[in-house]
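A.B. asks: Questions regarding the structure given below will be posed in turn.
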Amino acid sequence: MGLVTLEYVLRKARLGKYAVGGFNFFTLENLQGIAEGAARQNSPVIAMASTGAMKLFGEKTTAAIARTVAEEYGVQMVLHLDHCTDMEILKRCVDNGFTSVMIDASSKEYQENVDITAEAVDYASRYGCSVEAELGHVGGKEDDISVDERTAMFTKPEEALKFVKDTGIDALAVAVGTVHGFYKSEPKLDFPRISAIHELIPEMPLVLHGGTGVPEPDFIESIRRGVCKINIGTELKSIGVYETSRLAYLEDNGQDPRKVSKKVVKACADIVAHKLEVFGSVGKA
Ligand code: 13P
């Protein structure tokens, strides 16, 4: 197996009524953990690199490593660029073999979001690369805004229908109550809104961002209502990579970095394997 497109794994997920996990990676061990978790569960998986990671590693290196890791672990993996606001980086990722990209123009006005997204679709689709885009705005811990202001940014179902027709995307990220990063209080997902969007565009896979800290029953309910991709970043970064490295370093007294690496791979794999079970994608590769 090796790299496959987002469109491929999400079409099967939509028909099979499960979700595929999208996991951010920042280091090689982090990526190996994602592959190991998917291999353990015989599940498709989406490895997501950020625009920041592109600036650190470059598109060529990232694509070559991800392709090799997918082959080495024998997993069906999508290599996805997460939240890209820079068209030049997006195009370089497509050129270098990413099988999916997310163009994020969600902070722009509707028509500008459409124009930017359509340009990304036009470029990516000629090379068979899938495109995810966002309508409404998910936001993150850096956004210091009130609940009312957040709700105003939720995805509007009628607008989602128009956006999908206007752009030709393969997956739609929706703003329905989740945020990026750790939650300060229990997240409140707007389930009726997920259903309303899904009813208008039943063939469009919906993407739930900000998966860290969302209770498991909420994942299951979201999937039941049309979500096909769920993103997890902060949990892997903070616990899988950072906290595990810190403890492993202290335990080993800084003697053997390979011990730290092994523990990080395992910790990330455990997180991923568990999430894949909750998302219902076990055995679907
Ligand atoms: P978290 O970091 O909150 O898990 O969100 C990840 C995400 O949505 C990446 O796009």
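In the structure tokens, the first chain shown is A, the next is B, and so on; residue numbers restart at 1 for each chain, and ligands run from 1 in the order shown.
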Run DSSP on the backbone of this structure and report the residues of stretch 48-270 of chain A it assigns to strand (DSSP E or B), as JSON, numbers by chain.
C.D. replies: {"A": [48, 49, 50, 77, 78, 79, 80, 81, 82, 83, 84, 100, 101, 102, 103, 130, 131, 132, 133, 134, 135, 140, 171, 172, 173, 174, 180, 206, 207, 208, 227, 228, 229, 230, 231, 232]}
A.B. asks: Go ahead and write the residues just picked, N, CA, C and O atoms, as a compact mmCIF listing (two decimals), in the first residue's frame.
C.D. replies:
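Contents of selection-v4.txt, as written:
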# COMPACT_ATOMS: atom_id res chain seq x y z
N MET A 48 -1.33 14.55 8.39
CA MET A 48 -1.49 15.96 8.02
C MET A 48 -0.27 16.79 8.42
O MET A 48 0.09 16.85 9.60
N ALA A 49 0.32 17.43 7.42
CA ALA A 49 1.44 18.33 7.67
C ALA A 49 0.92 19.76 7.61
O ALA A 49 0.06 20.08 6.79
N SER A 50 1.43 20.60 8.48
CA SER A 50 0.97 22.00 8.47
C SER A 50 1.86 22.83 7.56
O SER A 50 2.94 22.40 7.15
N MET A 77 -2.42 5.41 3.30
CA MET A 77 -2.28 6.73 3.94
C MET A 77 -2.50 7.86 2.93
O MET A 77 -2.06 7.79 1.79
N VAL A 78 -3.19 8.89 3.40
CA VAL A 78 -3.33 10.12 2.62
C VAL A 78 -2.29 11.09 3.16
O VAL A 78 -2.17 11.26 4.37
N LEU A 79 -1.52 11.73 2.27
CA LEU A 79 -0.62 12.79 2.73
C LEU A 79 -1.31 14.12 2.43
O LEU A 79 -1.51 14.48 1.27
N HIS A 80 -1.65 14.82 3.50
CA HIS A 80 -2.54 15.99 3.41
C HIS A 80 -1.84 17.24 3.95
O HIS A 80 -1.19 17.18 4.99
N LEU A 81 -1.99 18.34 3.24
CA LEU A 81 -1.49 19.63 3.73
C LEU A 81 -2.65 20.30 4.47
O LEU A 81 -3.72 20.51 3.89
N ASP A 82 -2.42 20.63 5.75
CA ASP A 82 -3.49 21.14 6.60
C ASP A 82 -3.51 22.68 6.58
O ASP A 82 -2.44 23.31 6.60
N HIS A 83 -4.68 23.27 6.57
CA HIS A 83 -4.86 24.73 6.73
C HIS A 83 -3.86 25.59 5.97
O HIS A 83 -3.13 26.39 6.57
N CYS A 84 -3.84 25.46 4.66
CA CYS A 84 -2.87 26.26 3.91
C CYS A 84 -3.51 27.58 3.45
O CYS A 84 -4.59 27.60 2.86
N SER A 100 -3.48 15.21 -1.04
CA SER A 100 -4.59 16.03 -0.58
C SER A 100 -4.06 17.35 -0.02
O SER A 100 -2.98 17.38 0.60
N VAL A 101 -4.81 18.43 -0.25
CA VAL A 101 -4.42 19.73 0.32
C VAL A 101 -5.67 20.42 0.86
O VAL A 101 -6.76 20.27 0.31
N MET A 102 -5.48 21.17 1.94
CA MET A 102 -6.58 22.00 2.43
C MET A 102 -6.24 23.46 2.16
O MET A 102 -5.22 23.96 2.65
N ILE A 103 -7.09 24.11 1.39
CA ILE A 103 -6.93 25.55 1.20
C ILE A 103 -7.84 26.22 2.22
O ILE A 103 -9.02 25.89 2.31
N SER A 130 -6.64 15.69 -4.08
CA SER A 130 -7.92 16.12 -3.51
C SER A 130 -7.80 17.49 -2.83
O SER A 130 -6.70 17.89 -2.44
N VAL A 131 -8.94 18.14 -2.64
CA VAL A 131 -8.94 19.46 -1.97
C VAL A 131 -10.03 19.53 -0.90
O VAL A 131 -11.19 19.20 -1.16
N GLU A 132 -9.61 19.96 0.30
CA GLU A 132 -10.55 20.27 1.38
C GLU A 132 -10.56 21.79 1.54
O GLU A 132 -9.51 22.43 1.38
N ALA A 133 -11.73 22.36 1.84
CA ALA A 133 -11.79 23.80 2.11
C ALA A 133 -12.70 24.03 3.30
O ALA A 133 -13.42 23.12 3.73
N GLU A 134 -12.66 25.24 3.84
CA GLU A 134 -13.45 25.54 5.04
C GLU A 134 -14.41 26.68 4.77
O GLU A 134 -14.06 27.68 4.16
N LEU A 135 -15.63 26.52 5.27
CA LEU A 135 -16.63 27.59 5.17
C LEU A 135 -17.20 27.81 6.56
O LEU A 135 -17.54 26.86 7.25
N GLY A 140 -9.48 29.12 16.96
CA GLY A 140 -8.64 28.38 17.90
C GLY A 140 -8.48 29.12 19.20
O GLY A 140 -9.12 30.14 19.42
N ALA A 171 -13.96 17.79 0.06
CA ALA A 171 -14.35 17.68 1.46
C ALA A 171 -14.55 19.08 2.03
O ALA A 171 -13.83 20.01 1.65
N LEU A 172 -15.53 19.20 2.92
CA LEU A 172 -15.85 20.53 3.48
C LEU A 172 -15.67 20.55 4.99
O LEU A 172 -16.33 19.79 5.72
N ALA A 173 -14.76 21.41 5.45
CA ALA A 173 -14.58 21.61 6.89
C ALA A 173 -15.66 22.56 7.38
O ALA A 173 -15.85 23.64 6.82
N VAL A 174 -16.38 22.13 8.42
CA VAL A 174 -17.50 22.93 8.92
C VAL A 174 -17.22 23.46 10.33
O VAL A 174 -16.55 22.81 11.13
N HIS A 180 -9.77 24.71 17.68
CA HIS A 180 -8.45 24.08 17.73
C HIS A 180 -7.83 24.28 19.12
O HIS A 180 -8.06 25.29 19.76
N LEU A 206 -18.10 15.69 5.25
CA LEU A 206 -17.90 16.83 6.16
C LEU A 206 -16.72 16.54 7.08
O LEU A 206 -16.49 15.40 7.49
N VAL A 207 -15.97 17.59 7.40
CA VAL A 207 -14.76 17.44 8.21
C VAL A 207 -14.93 18.18 9.53
O VAL A 207 -15.34 19.35 9.55
N LEU A 208 -14.61 17.48 10.62
CA LEU A 208 -14.67 18.09 11.95
C LEU A 208 -13.25 18.41 12.40
O LEU A 208 -12.44 17.50 12.61
N VAL A 227 -20.37 13.43 9.35
CA VAL A 227 -18.93 13.73 9.41
C VAL A 227 -18.14 12.50 8.97
O VAL A 227 -18.41 11.39 9.43
N CYS A 228 -17.17 12.70 8.07
CA CYS A 228 -16.37 11.57 7.52
C CYS A 228 -14.89 11.71 7.81
O CYS A 228 -14.12 10.79 7.51
N LYS A 229 -14.46 12.87 8.30
CA LYS A 229 -13.03 13.06 8.62
C LYS A 229 -12.96 13.84 9.92
O LYS A 229 -13.67 14.85 10.07
N ILE A 230 -12.14 13.35 10.86
CA ILE A 230 -12.00 14.04 12.15
C ILE A 230 -10.52 14.32 12.39
O ILE A 230 -9.68 13.42 12.30
N ASN A 231 -10.22 15.59 12.68
CA ASN A 231 -8.82 16.01 12.85
C ASN A 231 -8.40 16.02 14.32
O ASN A 231 -9.09 16.61 15.17
N ILE A 232 -7.24 15.43 14.56
CA ILE A 232 -6.65 15.44 15.90
C ILE A 232 -5.21 15.96 15.77
O ILE A 232 -4.41 15.37 15.04
A.B. asks: Determine, counting only C-alpha atoms, which protein, DNA and RNA residues have an atom within 10 Å of an atom of A:Met54; residues of the same chain fewer than 4 positions away are not included. Present the result as a list in words.
C.D. replies: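 Near A:Met54, the qualifying residues are Phe26, Ala49, Ser50, Gly58, Glu59, Lys60, Thr61, Thr62, Leu81, Ile89, Leu90, Arg92 and Cys93 of chain A.
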A.B. asks: For ligand 1, which residue out of A:Asp86, A:Asp104, A:Asp166, A:Glu251 is the nearest one, using only C-alpha atoms and all ligand atoms?
C.D. replies: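 Answer, going by the shortest atom-to-atom distance: A:Asp104.
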A.B. asks: If you count only C-alpha atoms, which residues fall within 10 Å of A:Glu159, apart from same-chain ones fewer than 6 positions away, as a list of chain:residue names?
C.D. replies: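 Using only C-alpha atoms, the neighbours found are A:Tyr110, A:Leu135, A:Gly136, A:Lys165, A:Ile197.
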A.B. asks: Could you work out how far atom CA of A:Phe191 lies from atom CA of A:Ser238, giving the answer in Å with one decimal?
C.D. replies: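 We find that atom CA of A:Ser238 and atom CA of A:Phe191 lie 27.9 Å from each other.
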A.B. asks: Could you pull out the residues in stretch 82-115 of chain A that DSSP calls helix (DSSP H, G or I) from the backbone, as JSON, numbers by chain?
C.D. replies: {"A": [87, 88, 89, 90, 91, 92, 93, 94, 95, 110, 111, 112, 113, 114, 115]}
A.B. asks: For A:Leu236, which of A:Arg40, A:Arg224, A:Lys259, A:Lys266 is the closest residue, counting only C-alpha atoms?
C.D. replies: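 Between A:Arg40, A:Arg224, A:Lys259, A:Lys266, the residue approaching A:Leu236 most closely is A:Lys266.
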A.B. asks: Quick one: of A:Gly52, A:Gly254, A:Gly21, A:Gly213, who's nearest to ligand 1, counting only C-alpha atoms and all ligand atoms?
C.D. replies: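 Using only C-alpha atoms and all ligand atoms, ligand 1 sits closest to A:Gly213.
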A.B. asks: Report the distance between atom CA of A:Arg126 and atom CA of A:Phe57 in Å, rounded to one decimal place.
C.D. replies: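 Spanning atom CA of A:Arg126 to atom CA of A:Phe57 is a straight-line distance of 25.3 Å.
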A.B. asks: Do a neighbour search on A:Ser222 at 12 Å with only C-alpha atoms, toss out local chain neighbours closer than 6 positions, and write the hits as a PyMOL selection string.
C.D. replies: chain A and resi 17-19+174+176-178+188-195+197-198+205-209+211+214-216+228-230+278-279
